[in-house]
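**Student:** coords_15.pdb (PDB, C-alpha atoms) pasted underneath:
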ATOM      1  CA  MET E   1       0.156  -5.086  15.889  1.00  0.00           C
ATOM      2  CA  ASN E   2       3.335  -3.991  17.634  1.00  0.00           C
ATOM      3  CA  GLN E   3       6.299  -3.894  15.284  1.00  0.00           C
ATOM      4  CA  SER E   4       8.717  -2.204  17.672  1.00  0.00           C
ATOM      5  CA  ASN E   5      10.941  -5.293  17.760  1.00  0.00           C
ATOM      6  CA  LEU E   6      11.549  -5.078  13.999  1.00  0.00           C
ATOM      7  CA  SER E   7      14.560  -3.270  12.678  1.00  0.00           C
ATOM      8  CA  LEU E   8      16.104  -2.708   9.302  1.00  0.00           C
ATOM      9  CA  PRO E   9      18.991  -4.939   8.226  1.00  0.00           C
ATOM     10  CA  PHE E  10      22.463  -3.397   8.435  1.00  0.00           C
ATOM     11  CA  GLY E  11      23.064  -0.977   5.560  1.00  0.00           C
ATOM     12  CA  CYS E  12      19.350  -0.275   5.021  1.00  0.00           C
ATOM     13  CA  ILE E  13      17.403   2.941   5.550  1.00  0.00           C
ATOM     14  CA  LEU E  14      13.714   3.859   5.397  1.00  0.00           C
ATOM     15  CA  ARG E  15      13.112   7.255   3.787  1.00  0.00           C
ATOM     16  CA  LYS E  16      10.726   9.349   1.727  1.00  0.00           C
ATOM     17  CA  ALA E  17      11.148   8.757  -1.986  1.00  0.00           C
ATOM     18  CA  THR E  18      12.957  11.347  -4.062  1.00  0.00           C
ATOM     19  CA  TYR E  19      12.626  12.369  -7.695  1.00  0.00           C
ATOM     20  CA  GLY E  20      15.576  10.122  -8.558  1.00  0.00           C
ATOM     21  CA  ASP E  21      13.720   7.052  -7.209  1.00  0.00           C
ATOM     22  CA  GLN E  22      10.810   7.156  -9.661  1.00  0.00           C
ATOM     23  CA  TRP E  23      12.213   4.645 -12.196  1.00  0.00           C
ATOM     24  CA  SER E  24      13.324   2.226  -9.482  1.00  0.00           C
ATOM     25  CA  ILE E  25       9.822   2.427  -7.994  1.00  0.00           C
ATOM     26  CA  ARG E  26       8.257   1.734 -11.401  1.00  0.00           C
ATOM     27  CA  LEU E  27      10.536  -1.267 -11.947  1.00  0.00           C
ATOM     28  CA  LEU E  28       9.627  -2.732  -8.549  1.00  0.00           C
ATOM     29  CA  VAL E  29       5.902  -2.232  -9.172  1.00  0.00           C
ATOM     30  CA  PHE E  30       6.130  -3.770 -12.666  1.00  0.00           C
ATOM     31  CA  SER E  31       8.135  -6.727 -11.293  1.00  0.00           C
ATOM     32  CA  ALA E  32       5.293  -7.484  -8.866  1.00  0.00           C
ATOM     33  CA  LYS E  33       2.636  -7.134 -11.624  1.00  0.00           C
ATOM     34  CA  LEU E  34       0.842  -4.446  -9.628  1.00  0.00           C
ATOM     35  CA  ASP E  35      -1.264  -1.614 -11.023  1.00  0.00           C
ATOM     36  CA  PRO E  36       1.276   0.704 -12.705  1.00  0.00           C
ATOM     37  CA  THR E  37      -1.117   3.659 -12.800  1.00  0.00           C
ATOM     38  CA  GLN E  38      -1.178   6.410 -10.192  1.00  0.00           C
ATOM     39  CA  LEU E  39       2.479   5.975  -9.232  1.00  0.00           C
ATOM     40  CA  ASP E  40       3.310   9.337  -7.723  1.00  0.00           C
ATOM     41  CA  TRP E  41       6.840   9.150  -6.322  1.00  0.00           C
ATOM     42  CA  GLN E  42       5.998  11.978  -3.891  1.00  0.00           C
ATOM     43  CA  GLN E  43       3.560   9.665  -2.063  1.00  0.00           C
ATOM     44  CA  PHE E  44       6.100   6.828  -1.686  1.00  0.00           C
ATOM     45  CA  TRP E  45       8.306   5.661   1.134  1.00  0.00           C
ATOM     46  CA  VAL E  46      11.225   3.421   0.187  1.00  0.00           C
ATOM     47  CA  ILE E  47      13.717   1.118   1.829  1.00  0.00           C
ATOM     48  CA  GLU E  48      17.188   1.434   0.410  1.00  0.00           C
ATOM     49  CA  CYS E  49      19.855  -1.176   1.164  1.00  0.00           C
ATOM     50  CA  ASP E  50      23.456  -0.719   0.119  1.00  0.00           C
ATOM     51  CA  GLN E  51      22.344   2.146  -2.147  1.00  0.00           C
ATOM     52  CA  ASN E  52      19.758  -0.034  -3.967  1.00  0.00           C
ATOM     53  CA  LEU E  53      16.015   0.519  -3.680  1.00  0.00           C
ATOM     54  CA  VAL E  54      14.664  -2.839  -2.400  1.00  0.00           C
ATOM     55  CA  ALA E  55      11.148  -1.978  -1.166  1.00  0.00           C
ATOM     56  CA  CYS E  56       8.510   0.670  -1.717  1.00  0.00           C
ATOM     57  CA  GLY E  57       4.955   1.564  -0.788  1.00  0.00           C
ATOM     58  CA  GLN E  58       2.725   4.593  -1.104  1.00  0.00           C
ATOM     59  CA  LEU E  59      -0.165   6.331   0.579  1.00  0.00           C
ATOM     60  CA  ARG E  60      -2.477   7.548  -2.178  1.00  0.00           C
ATOM     61  CA  ASN E  61      -4.635  10.489  -1.189  1.00  0.00           C
ATOM     62  CA  PHE E  62      -8.331  10.551  -1.994  1.00  0.00           C
ATOM     63  CA  SER E  63     -11.142  12.765  -0.856  1.00  0.00           C
ATOM     64  CA  GLY E  64     -11.591  11.794   2.809  1.00  0.00           C
ATOM     65  CA  ALA E  65      -9.479   8.622   2.677  1.00  0.00           C
ATOM     66  CA  GLN E  66      -6.064   7.194   1.888  1.00  0.00           C
ATOM     67  CA  GLU E  67      -5.051   3.975   0.170  1.00  0.00           C
ATOM     68  CA  LEU E  68      -2.052   1.912   1.160  1.00  0.00           C
ATOM     69  CA  GLY E  69      -0.829   0.778  -2.249  1.00  0.00           C
ATOM     70  CA  SER E  70       2.034  -0.343  -4.460  1.00  0.00           C
ATOM     71  CA  LEU E  71       3.730  -2.172  -1.586  1.00  0.00           C
ATOM     72  CA  VAL E  72       6.573  -4.244  -3.045  1.00  0.00           C
ATOM     73  CA  VAL E  73       9.680  -5.898  -1.646  1.00  0.00           C
ATOM     74  CA  ALA E  74      12.255  -7.058  -4.209  1.00  0.00           C
ATOM     75  CA  SER E  75      12.242 -10.868  -4.351  1.00  0.00           C
ATOM     76  CA  ALA E  76      15.870 -11.166  -3.176  1.00  0.00           C
ATOM     77  CA  TRP E  77      14.981  -9.215  -0.016  1.00  0.00           C
ATOM     78  CA  ARG E  78      11.750 -10.992   0.985  1.00  0.00           C
ATOM     79  CA  GLY E  79      11.474 -12.830   4.275  1.00  0.00           C
ATOM     80  CA  ARG E  80      13.465 -10.235   6.235  1.00  0.00           C
ATOM     81  CA  GLY E  81      10.555  -8.243   7.655  1.00  0.00           C
ATOM     82  CA  LEU E  82      10.882  -5.319   5.228  1.00  0.00           C
ATOM     83  CA  GLY E  83       7.257  -5.555   4.060  1.00  0.00           C
ATOM     84  CA  THR E  84       6.065  -5.696   7.659  1.00  0.00           C
ATOM     85  CA  LEU E  85       8.198  -2.732   8.665  1.00  0.00           C
ATOM     86  CA  LEU E  86       7.119  -0.657   5.654  1.00  0.00           C
ATOM     87  CA  THR E  87       3.429  -1.516   6.131  1.00  0.00           C
ATOM     88  CA  GLN E  88       3.556  -0.452   9.784  1.00  0.00           C
ATOM     89  CA  HIS E  89       5.337   2.768   8.851  1.00  0.00           C
ATOM     90  CA  LEU E  90       2.697   3.624   6.229  1.00  0.00           C
ATOM     91  CA  ILE E  91      -0.079   2.933   8.740  1.00  0.00           C
ATOM     92  CA  ASN E  92       1.638   5.197  11.267  1.00  0.00           C
ATOM     93  CA  THR E  93       2.034   7.910   8.604  1.00  0.00           C
ATOM     94  CA  ALA E  94      -1.615   7.826   7.464  1.00  0.00           C
ATOM     95  CA  THR E  95      -3.698  10.858   8.392  1.00  0.00           C
ATOM     96  CA  GLN E  96      -7.139   9.747   7.122  1.00  0.00           C
ATOM     97  CA  PRO E  97      -9.185   6.527   7.127  1.00  0.00           C
ATOM     98  CA  LEU E  98      -7.024   3.905   5.418  1.00  0.00           C
ATOM     99  CA  TYR E  99      -8.007   1.289   2.819  1.00  0.00           C
ATOM    100  CA  LEU E 100      -6.303  -1.134   0.463  1.00  0.00           C
ATOM    101  CA  GLU E 101      -7.025  -3.716  -2.164  1.00  0.00           C
ATOM    102  CA  CYS E 102      -5.006  -6.893  -2.522  1.00  0.00           C
ATOM    103  CA  LEU E 103      -5.083 -10.108  -4.518  1.00  0.00           C
ATOM    104  CA  GLY E 104      -5.826 -13.353  -2.758  1.00  0.00           C
ATOM    105  CA  GLU E 105      -6.204 -14.802   0.679  1.00  0.00           C
ATOM    106  CA  ARG E 106      -2.464 -14.903   1.459  1.00  0.00           C
ATOM    107  CA  LEU E 107      -2.075 -11.115   1.161  1.00  0.00           C
ATOM    108  CA  ALA E 108      -5.371 -10.530   2.984  1.00  0.00           C
ATOM    109  CA  GLN E 109      -4.014 -12.602   5.892  1.00  0.00           C
ATOM    110  CA  PHE E 110      -0.766 -10.595   5.841  1.00  0.00           C
ATOM    111  CA  TYR E 111      -2.674  -7.301   6.123  1.00  0.00           C
ATOM    112  CA  SER E 112      -5.094  -8.667   8.738  1.00  0.00           C
ATOM    113  CA  ARG E 113      -2.097  -8.866  11.125  1.00  0.00           C
ATOM    114  CA  PHE E 114      -2.114  -5.038  11.033  1.00  0.00           C
ATOM    115  CA  ASP E 115      -5.838  -4.720  11.902  1.00  0.00           C
ATOM    116  CA  PHE E 116      -7.076  -4.477   8.317  1.00  0.00           C
ATOM    117  CA  VAL E 117     -10.429  -6.217   7.865  1.00  0.00           C
ATOM    118  CA  PRO E 118     -12.092  -7.334   4.626  1.00  0.00           C
ATOM    119  CA  ILE E 119     -15.036  -5.206   3.551  1.00  0.00           C
ATOM    120  CA  SER E 120     -17.391  -5.362   0.602  1.00  0.00           C
ATOM    121  CA  PHE E 121     -17.129  -2.998  -2.337  1.00  0.00           C
ATOM    122  CA  GLU E 122     -20.463  -1.530  -1.260  1.00  0.00           C
ATOM    123  CA  ASP E 123     -19.000  -0.635   2.149  1.00  0.00           C
ATOM    124  CA  LEU E 124     -16.186   1.467   0.671  1.00  0.00           C
ATOM    125  CA  PRO E 125     -16.666   5.164   1.405  1.00  0.00           C
ATOM    126  CA  GLN E 126     -18.295   7.269  -1.290  1.00  0.00           C
ATOM    127  CA  PHE E 127     -16.883  10.682  -0.530  1.00  0.00           C
ATOM    128  CA  PRO E 128     -17.728  13.628  -2.778  1.00  0.00           C
ATOM    129  CA  ARG E 129     -15.108  14.838  -5.247  1.00  0.00           C
ATOM    130  CA  THR E 130     -13.181  17.743  -3.756  1.00  0.00           C
ATOM    131  CA  LYS E 131     -10.019  19.610  -4.707  1.00  0.00           C
ATOM    132  CA  GLY E 132      -9.574  17.430  -7.798  1.00  0.00           C
ATOM    133  CA  LEU E 133      -9.352  14.243  -5.717  1.00  0.00           C
ATOM    134  CA  SER E 134     -11.610  11.446  -6.877  1.00  0.00           C
ATOM    135  CA  PRO E 135     -13.444   9.161  -4.493  1.00  0.00           C
ATOM    136  CA  LEU E 136     -11.672   5.988  -3.414  1.00  0.00           C
ATOM    137  CA  LYS E 137     -14.641   3.897  -4.526  1.00  0.00           C
ATOM    138  CA  GLY E 138     -14.183   5.174  -8.073  1.00  0.00           C
ATOM    139  CA  LYS E 139     -10.576   3.994  -8.081  1.00  0.00           C
ATOM    140  CA  PHE E 140     -11.578   0.507  -6.882  1.00  0.00           C
ATOM    141  CA  ARG E 141     -14.457   0.200  -9.375  1.00  0.00           C
ATOM    142  CA  PHE E 142     -12.285  -1.497 -12.037  1.00  0.00           C
ATOM    143  CA  SER E 143     -11.098  -4.088  -9.514  1.00  0.00           C
ATOM    144  CA  GLN E 144     -14.683  -4.798  -8.501  1.00  0.00           C
ATOM    145  CA  LEU E 145     -15.593  -5.339 -12.165  1.00  0.00           C
ATOM    146  CA  ALA E 146     -12.659  -7.761 -12.610  1.00  0.00           C
ATOM    147  CA  LYS E 147     -13.702  -9.563  -9.434  1.00  0.00           C
ATOM    148  CA  ARG E 148     -17.278 -10.033 -10.620  1.00  0.00           C
ATOM    149  CA  LEU E 149     -16.718 -10.756 -14.309  1.00  0.00           C
ATOM    150  CA  LEU E 150     -13.329 -12.500 -14.310  1.00  0.00           C
ATOM    151  CA  ARG E 151     -13.340 -13.895 -10.773  1.00  0.00           C
ATOM    152  CA  VAL E 152     -10.102 -12.066  -9.935  1.00  0.00           C
ATOM    153  CA  PRO E 153      -9.599 -12.700  -6.178  1.00  0.00           C
ATOM    154  CA  VAL E 154      -9.548  -9.028  -5.133  1.00  0.00           C
ATOM    155  CA  VAL E 155     -10.022  -8.303  -1.434  1.00  0.00           C
ATOM    156  CA  PHE E 156     -10.937  -4.781  -0.281  1.00  0.00           C
ATOM    157  CA  MET E 157      -9.791  -3.985   3.250  1.00  0.00           C
ATOM    158  CA  GLU E 158     -10.237  -1.200   5.794  1.00  0.00           C
ATOM    159  CA  TYR E 159      -7.834  -0.370   8.621  1.00  0.00           C
ATOM    160  CA  ARG E 160      -9.583  -0.684  11.994  1.00  0.00           C
ATOM    161  CA  GLY E 161      -6.649  -0.157  14.350  1.00  0.00           C
ATOM    162  CA  GLN E 162      -5.532   3.005  16.099  1.00  0.00           C
ATOM    163  CA  THR E 163      -4.505   5.879  13.831  1.00  0.00           C
ATOM    164  CA  ASN E 164      -2.204   8.784  14.519  1.00  0.00           C
ATOM    165  CA  SER E 165      -4.591  11.344  13.080  1.00  0.00           C
TER     166      SER E 165
END
Would you mind writing the structure in this file as structure tokens?

**Tutor:**
Amino acid sequence: MNQSNLSLPFGCILRKATYGDQWSIRLLVFSAKLDPTQLDWQQFWVIECDQNLVACGQLRNFSGAQELGSLVVASAWRGRGLGTLLTQHLINTATQPLYLECLGERLAQFYSRFDFVPISFEDLPQFPRTKGLSPLKGKFRFSQLAKRLLRVPVVFMEYRGQTNS
């Protein structure tokens, strides 16, 4: 998907997160009812508008893979292309095979515009544990359990477009 025609609204910047952003990131993630664990501000990119953090997303590093996660746009800023712009930036920044998990068909359709395709839990990579990084499949195991037992509409997706690695 070509996002070159998208630009940030006036007064907004896309930048790496800083130490001072960690509580704003947490508040955004909590407001979206996303998984509040594994929020490492050093892995985040943020969009700041008029000196307020209005969007965030991170690339979590695993052994042999990365996860696009914790992507949130503040409700007052939705519908302006910020999520699209941030998603494309994270894809362009990824250096390893890229995966994500999302809730529901609407989000799965959003990510499919970026060449993410649904895959089964069984098709997730099972890389060995190295350098203290756990396998991606281990991180998604809880979601798979919730999907099976509680019928939570989790969709696992793999990026199949061109990477910059």

**Student:** Please indicate the distance in Å from atom CA of Leu90 of chain E to atom CA of Val154 of chain E, rounded to one decimal place.

**Tutor:** 21.0 Å

**Student:** Applying the PyMOL selection byres ((chain E and resi 7) around 12) to the file I just gave you, which residues come out? Please list them as a list in words.

**Tutor:** Gln3, Ser4, Asn5, Leu6, Leu8, Pro9, Phe10, Gly11, Cys12, Ile13, Leu14, Ile47, Arg80, Gly81, Leu82, Gly83, Thr84, Leu85, Leu86, Gln88 and His89 of chain E

**Student:** Print the selection's residues with C-alpha atoms to a file, as a PDB file, in the coordinates of the input.

**Tutor:**
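Final output, saved to selection_15.pdb:
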ATOM      1  CA  GLN E   3       6.299  -3.894  15.284  1.00  0.00           C
ATOM      2  CA  SER E   4       8.717  -2.204  17.672  1.00  0.00           C
ATOM      3  CA  ASN E   5      10.941  -5.293  17.760  1.00  0.00           C
ATOM      4  CA  LEU E   6      11.549  -5.078  13.999  1.00  0.00           C
ATOM      5  CA  LEU E   8      16.104  -2.708   9.302  1.00  0.00           C
ATOM      6  CA  PRO E   9      18.991  -4.939   8.226  1.00  0.00           C
ATOM      7  CA  PHE E  10      22.463  -3.397   8.435  1.00  0.00           C
ATOM      8  CA  GLY E  11      23.064  -0.977   5.560  1.00  0.00           C
ATOM      9  CA  CYS E  12      19.350  -0.275   5.021  1.00  0.00           C
ATOM     10  CA  ILE E  13      17.403   2.941   5.550  1.00  0.00           C
ATOM     11  CA  LEU E  14      13.714   3.859   5.397  1.00  0.00           C
ATOM     12  CA  ILE E  47      13.717   1.118   1.829  1.00  0.00           C
ATOM     13  CA  ARG E  80      13.465 -10.235   6.235  1.00  0.00           C
ATOM     14  CA  GLY E  81      10.555  -8.243   7.655  1.00  0.00           C
ATOM     15  CA  LEU E  82      10.882  -5.319   5.228  1.00  0.00           C
ATOM     16  CA  GLY E  83       7.257  -5.555   4.060  1.00  0.00           C
ATOM     17  CA  THR E  84       6.065  -5.696   7.659  1.00  0.00           C
ATOM     18  CA  LEU E  85       8.198  -2.732   8.665  1.00  0.00           C
ATOM     19  CA  LEU E  86       7.119  -0.657   5.654  1.00  0.00           C
ATOM     20  CA  GLN E  88       3.556  -0.452   9.784  1.00  0.00           C
ATOM     21  CA  HIS E  89       5.337   2.768   8.851  1.00  0.00           C
TER      22      HIS E  89
END

**Student:** Do you have the atom CA of Phe142 of chain E-atom CA of Leu68 of chain E distance handy?

**Tutor:**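 About the pair atom CA of Phe142 of chain E and atom CA of Leu68 of chain E: they are 17.0 Å apart.
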
**Student:** Under the PyMOL selection byres ((chain E and resi 91) around 12), which residues of this model are included? Write them out as a PyMOL selection string.

**Tutor:** chain E and resi 1-3+45+57-59+66-69+84-90+92-100+111+114-116+158-165

**Student:** Using all atoms listed in the file, which of E:Leu103, E:Ala108, E:Ala65, E:Cys49 sits nearest Trp77 of chain E?

**Tutor:**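 Distance minimum relative to Trp77 of chain E lands on E:Cys49.
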
**Student:** Can you work out the spacing between atom CA of Phe156 of chain E and atom CA of Leu53 of chain E in Å, to one decimal?

**Tutor:**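 It comes out at 27.7 Å.
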
**Student:** Would you give the centre and edge lengths, in Å to one decimal, of a box along x, y and z around the listed atoms of segment 121-125 of chain E, with 3 Å added to each side, as JSON?

**Tutor:**
{"center_x": -18.3, "center_y": 1.1, "center_z": -0.1, "size_x": 10.3, "size_y": 14.2, "size_z": 10.5}

**Student:** Evaluate the PyMOL selection byres ((chain E and resi 140) around 12) and record the selected residues as a PDB file with C-alpha atoms, keeping the file's coordinate frame, following the chain and residue labels used in the document.

**Tutor:**
ATOM      1  CA  ASP E  35      -1.264  -1.614 -11.023  1.00  0.00           C
ATOM      2  CA  PHE E  62      -8.331  10.551  -1.994  1.00  0.00           C
ATOM      3  CA  GLU E  67      -5.051   3.975   0.170  1.00  0.00           C
ATOM      4  CA  GLY E  69      -0.829   0.778  -2.249  1.00  0.00           C
ATOM      5  CA  TYR E  99      -8.007   1.289   2.819  1.00  0.00           C
ATOM      6  CA  LEU E 100      -6.303  -1.134   0.463  1.00  0.00           C
ATOM      7  CA  GLU E 101      -7.025  -3.716  -2.164  1.00  0.00           C
ATOM      8  CA  CYS E 102      -5.006  -6.893  -2.522  1.00  0.00           C
ATOM      9  CA  SER E 120     -17.391  -5.362   0.602  1.00  0.00           C
ATOM     10  CA  PHE E 121     -17.129  -2.998  -2.337  1.00  0.00           C
ATOM     11  CA  GLU E 122     -20.463  -1.530  -1.260  1.00  0.00           C
ATOM     12  CA  ASP E 123     -19.000  -0.635   2.149  1.00  0.00           C
ATOM     13  CA  LEU E 124     -16.186   1.467   0.671  1.00  0.00           C
ATOM     14  CA  PRO E 125     -16.666   5.164   1.405  1.00  0.00           C
ATOM     15  CA  GLN E 126     -18.295   7.269  -1.290  1.00  0.00           C
ATOM     16  CA  SER E 134     -11.610  11.446  -6.877  1.00  0.00           C
ATOM     17  CA  PRO E 135     -13.444   9.161  -4.493  1.00  0.00           C
ATOM     18  CA  LEU E 136     -11.672   5.988  -3.414  1.00  0.00           C
ATOM     19  CA  LYS E 137     -14.641   3.897  -4.526  1.00  0.00           C
ATOM     20  CA  GLY E 138     -14.183   5.174  -8.073  1.00  0.00           C
ATOM     21  CA  LYS E 139     -10.576   3.994  -8.081  1.00  0.00           C
ATOM     22  CA  ARG E 141     -14.457   0.200  -9.375  1.00  0.00           C
ATOM     23  CA  PHE E 142     -12.285  -1.497 -12.037  1.00  0.00           C
ATOM     24  CA  SER E 143     -11.098  -4.088  -9.514  1.00  0.00           C
ATOM     25  CA  GLN E 144     -14.683  -4.798  -8.501  1.00  0.00           C
ATOM     26  CA  LEU E 145     -15.593  -5.339 -12.165  1.00  0.00           C
ATOM     27  CA  ALA E 146     -12.659  -7.761 -12.610  1.00  0.00           C
ATOM     28  CA  LYS E 147     -13.702  -9.563  -9.434  1.00  0.00           C
ATOM     29  CA  VAL E 154      -9.548  -9.028  -5.133  1.00  0.00           C
ATOM     30  CA  VAL E 155     -10.022  -8.303  -1.434  1.00  0.00           C
ATOM     31  CA  PHE E 156     -10.937  -4.781  -0.281  1.00  0.00           C
ATOM     32  CA  MET E 157      -9.791  -3.985   3.250  1.00  0.00           C
TER      33      MET E 157
END

**Student:** Kindly indicate which residue among E:Ser63, E:Val117, E:Gln51, E:Ser70 lies nearest to Leu39 of chain E, using only C-alpha atoms for the distances.

**Tutor:** E:Ser70

**Student:** Which of these residues is nearest to Ala17 of chain E, using all atoms listed in the file: E:Val73, E:Phe30, E:Phe44, E:Ala55?

**Tutor:**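 Among the listed residues, the smallest separation from Ala17 of chain E belongs to E:Phe44.
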
**Student:** Is there a way to complete segment 113-124 of chain E with N, CA and C atoms and then write that out as a short mmCIF file (atom, residue, chain, number, x, y, z; two decimals), in the coordinates of the input?

**Tutor:**
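Everything below was put into result.cif:
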data_model
loop_
_atom_site.label_atom_id
_atom_site.label_comp_id
_atom_site.auth_asym_id
_atom_site.auth_seq_id
_atom_site.Cartn_x
_atom_site.Cartn_y
_atom_site.Cartn_z
N ARG E 113 -2.98 -8.96 9.96
CA ARG E 113 -2.10 -8.87 11.12
C ARG E 113 -1.93 -7.42 11.59
N PHE E 114 -2.24 -6.47 10.72
CA PHE E 114 -2.11 -5.04 11.03
C PHE E 114 -3.46 -4.39 11.35
N ASP E 115 -4.48 -5.20 11.60
CA ASP E 115 -5.84 -4.72 11.90
C ASP E 115 -6.58 -4.20 10.68
N PHE E 116 -6.24 -4.70 9.49
CA PHE E 116 -7.08 -4.48 8.32
C PHE E 116 -8.12 -5.58 8.30
N VAL E 117 -9.35 -5.23 7.95
CA VAL E 117 -10.43 -6.22 7.86
C VAL E 117 -11.06 -6.15 6.48
N PRO E 118 -11.43 -7.33 5.94
CA PRO E 118 -12.09 -7.33 4.63
C PRO E 118 -13.43 -6.62 4.70
N ILE E 119 -13.73 -5.85 3.67
CA ILE E 119 -15.04 -5.21 3.55
C ILE E 119 -15.54 -5.40 2.13
N SER E 120 -16.82 -5.23 1.94
CA SER E 120 -17.39 -5.36 0.60
C SER E 120 -17.17 -4.07 -0.18
N PHE E 121 -17.25 -4.18 -1.49
CA PHE E 121 -17.13 -3.00 -2.34
C PHE E 121 -18.18 -1.96 -1.94
N GLU E 122 -19.37 -2.43 -1.62
CA GLU E 122 -20.46 -1.53 -1.26
C GLU E 122 -20.16 -0.74 0.01
N ASP E 123 -19.32 -1.30 0.89
CA ASP E 123 -19.00 -0.64 2.15
C ASP E 123 -17.85 0.36 2.04
N LEU E 124 -17.23 0.46 0.86
CA LEU E 124 -16.19 1.47 0.67
C LEU E 124 -16.81 2.86 0.75
#
